[in-house]
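Enquirer: Take a look at this one; I'll ask things after.
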Amino acid sequence: GAGPGPSRRPLVIAGAAVGAAGLAALLIGVLTPDSSPNAGGPPKAPAPSKTSATAAVTACSVAYRIDGSWPQGFQATVRITNLGTAAIDGWRLGFAFPDGQSITQVWNAGRQQDGASVTVTAADWNRSIPPRGTVEFGFLGRQDGGNGRPSRFTLNGVECR
């Protein structure tokens, strides 16, 4: 027949496969560092990107849970999850209490508080959070009136979700 028939289908498939393989080879050749000498000197490393350098730190989430409360006091648990691909070695979690609460006792971490601003730091034994790993700390707090949850957390200075 005059039109494309079943006998041409294998050629189209083979042509597409060769084209895809050629494209893959081209991309590999372009993206692979050149090991041959070149007149311009050694290949330059890409400039460090602030986003990629902090990607392991920025990929985190924080869960804040109030475990119980009583007049003028409460207990809470905070879980930090490393969503990145590298371990976080040494962590410092920052947040602010919205209603003037204060921490009176903390476990599994250290703490500093200046007004509403709180910084919780790793203990020696839980300072490393592996990729997809978590660390938890808990605390007792004092509250006079409201006991709202912090809405923003930073891990080593970078915002978590």
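Simple scheme: letters A, B, ... for chains in structure tokens order, numbers from 1 for residues in each chain, numbers from 1 for ligands in the order shown.
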Using only C-alpha atoms, which residues sit within 6 Å of A:Gly133 once same-chain residues fewer than 3 positions away are excluded, as a ChimeraX atom specification?
Expert: /A:81-82,129-130
Enquirer: Using N, CA, C and O atoms, can you write the selected residues to a file as a PDB file, in the first residue's frame?
Expert:
ATOM      1  N   THR A  81      11.543  17.160  62.421  1.00  0.00           N
ATOM      2  CA  THR A  81      11.783  16.134  61.413  1.00  0.00           C
ATOM      3  C   THR A  81      12.722  16.697  60.352  1.00  0.00           C
ATOM      4  O   THR A  81      12.470  17.778  59.812  1.00  0.00           O
ATOM      5  N   ASN A  82      13.785  15.968  60.070  1.00  0.00           N
ATOM      6  CA  ASN A  82      14.727  16.330  59.017  1.00  0.00           C
ATOM      7  C   ASN A  82      14.183  15.772  57.705  1.00  0.00           C
ATOM      8  O   ASN A  82      14.195  14.564  57.489  1.00  0.00           O
ATOM      9  N   ILE A 129      20.479  14.681  63.598  1.00  0.00           N
ATOM     10  CA  ILE A 129      19.183  14.209  63.101  1.00  0.00           C
ATOM     11  C   ILE A 129      19.435  13.632  61.710  1.00  0.00           C
ATOM     12  O   ILE A 129      19.749  14.369  60.781  1.00  0.00           O
ATOM     13  N   PRO A 130      19.319  12.320  61.550  1.00  0.00           N
ATOM     14  CA  PRO A 130      19.588  11.720  60.236  1.00  0.00           C
ATOM     15  C   PRO A 130      18.511  12.111  59.218  1.00  0.00           C
ATOM     16  O   PRO A 130      17.420  12.554  59.602  1.00  0.00           O
TER      17      PRO A 130
END
Enquirer: Interatomic distance between atom CA of A:Phe139 and atom CA of A:Gln101?
Expert: 11.8 Å
Enquirer: Identify all residues of stretch 70-143 of chain A in strand (DSSP E) (DSSP on the backbone) and supply them as a ChimeraX atom specification.
Expert: /A:70,73-82,88-89,92-96,102-107,109-114,117-122,128-129,134-142
Enquirer: Go through A:Phe95, A:Trp107, A:Trp70, A:Tyr64 one by one, measure the shortest atom-to-atom distance of each to A:Phe153 using only C-alpha atoms, and give the residue with the smallest value.
Expert: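 Comparing A:Phe95, A:Trp107, A:Trp70, A:Tyr64 against A:Phe153, the winner is A:Phe95.
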Enquirer: Could you check how far atom CA of A:Ser117 sits from atom CA of A:Pro131, in Å to one decimal?
Expert: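 Separation between atom CA of A:Ser117 and atom CA of A:Pro131: 27.7 Å.
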Enquirer: For stretch 65-69 of chain A, please output as a PyMOL selection string all residues within 12 Å (counting only C-alpha atoms; exclusion window: fewer than 2 positions along the same chain).
Expert: chain A and resi 62-63+71-80+136-150
Enquirer: Which is closer to A:Leu93 than all the others in A:Thr121, A:Ser128, A:Gln105, A:Gln112, using only C-alpha atoms?
Expert: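 Counting only C-alpha atoms, the residue closest to A:Leu93 is A:Thr121.
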Enquirer: Which neighbours of stretch 155-160 of chain A fall inside 8 Å, counting only C-alpha atoms, when residues of the same chain fewer than 4 positions from it are skipped, and could you give them as an MDAnalysis selection string?
Expert: chainID A and resid 57:62 91:94
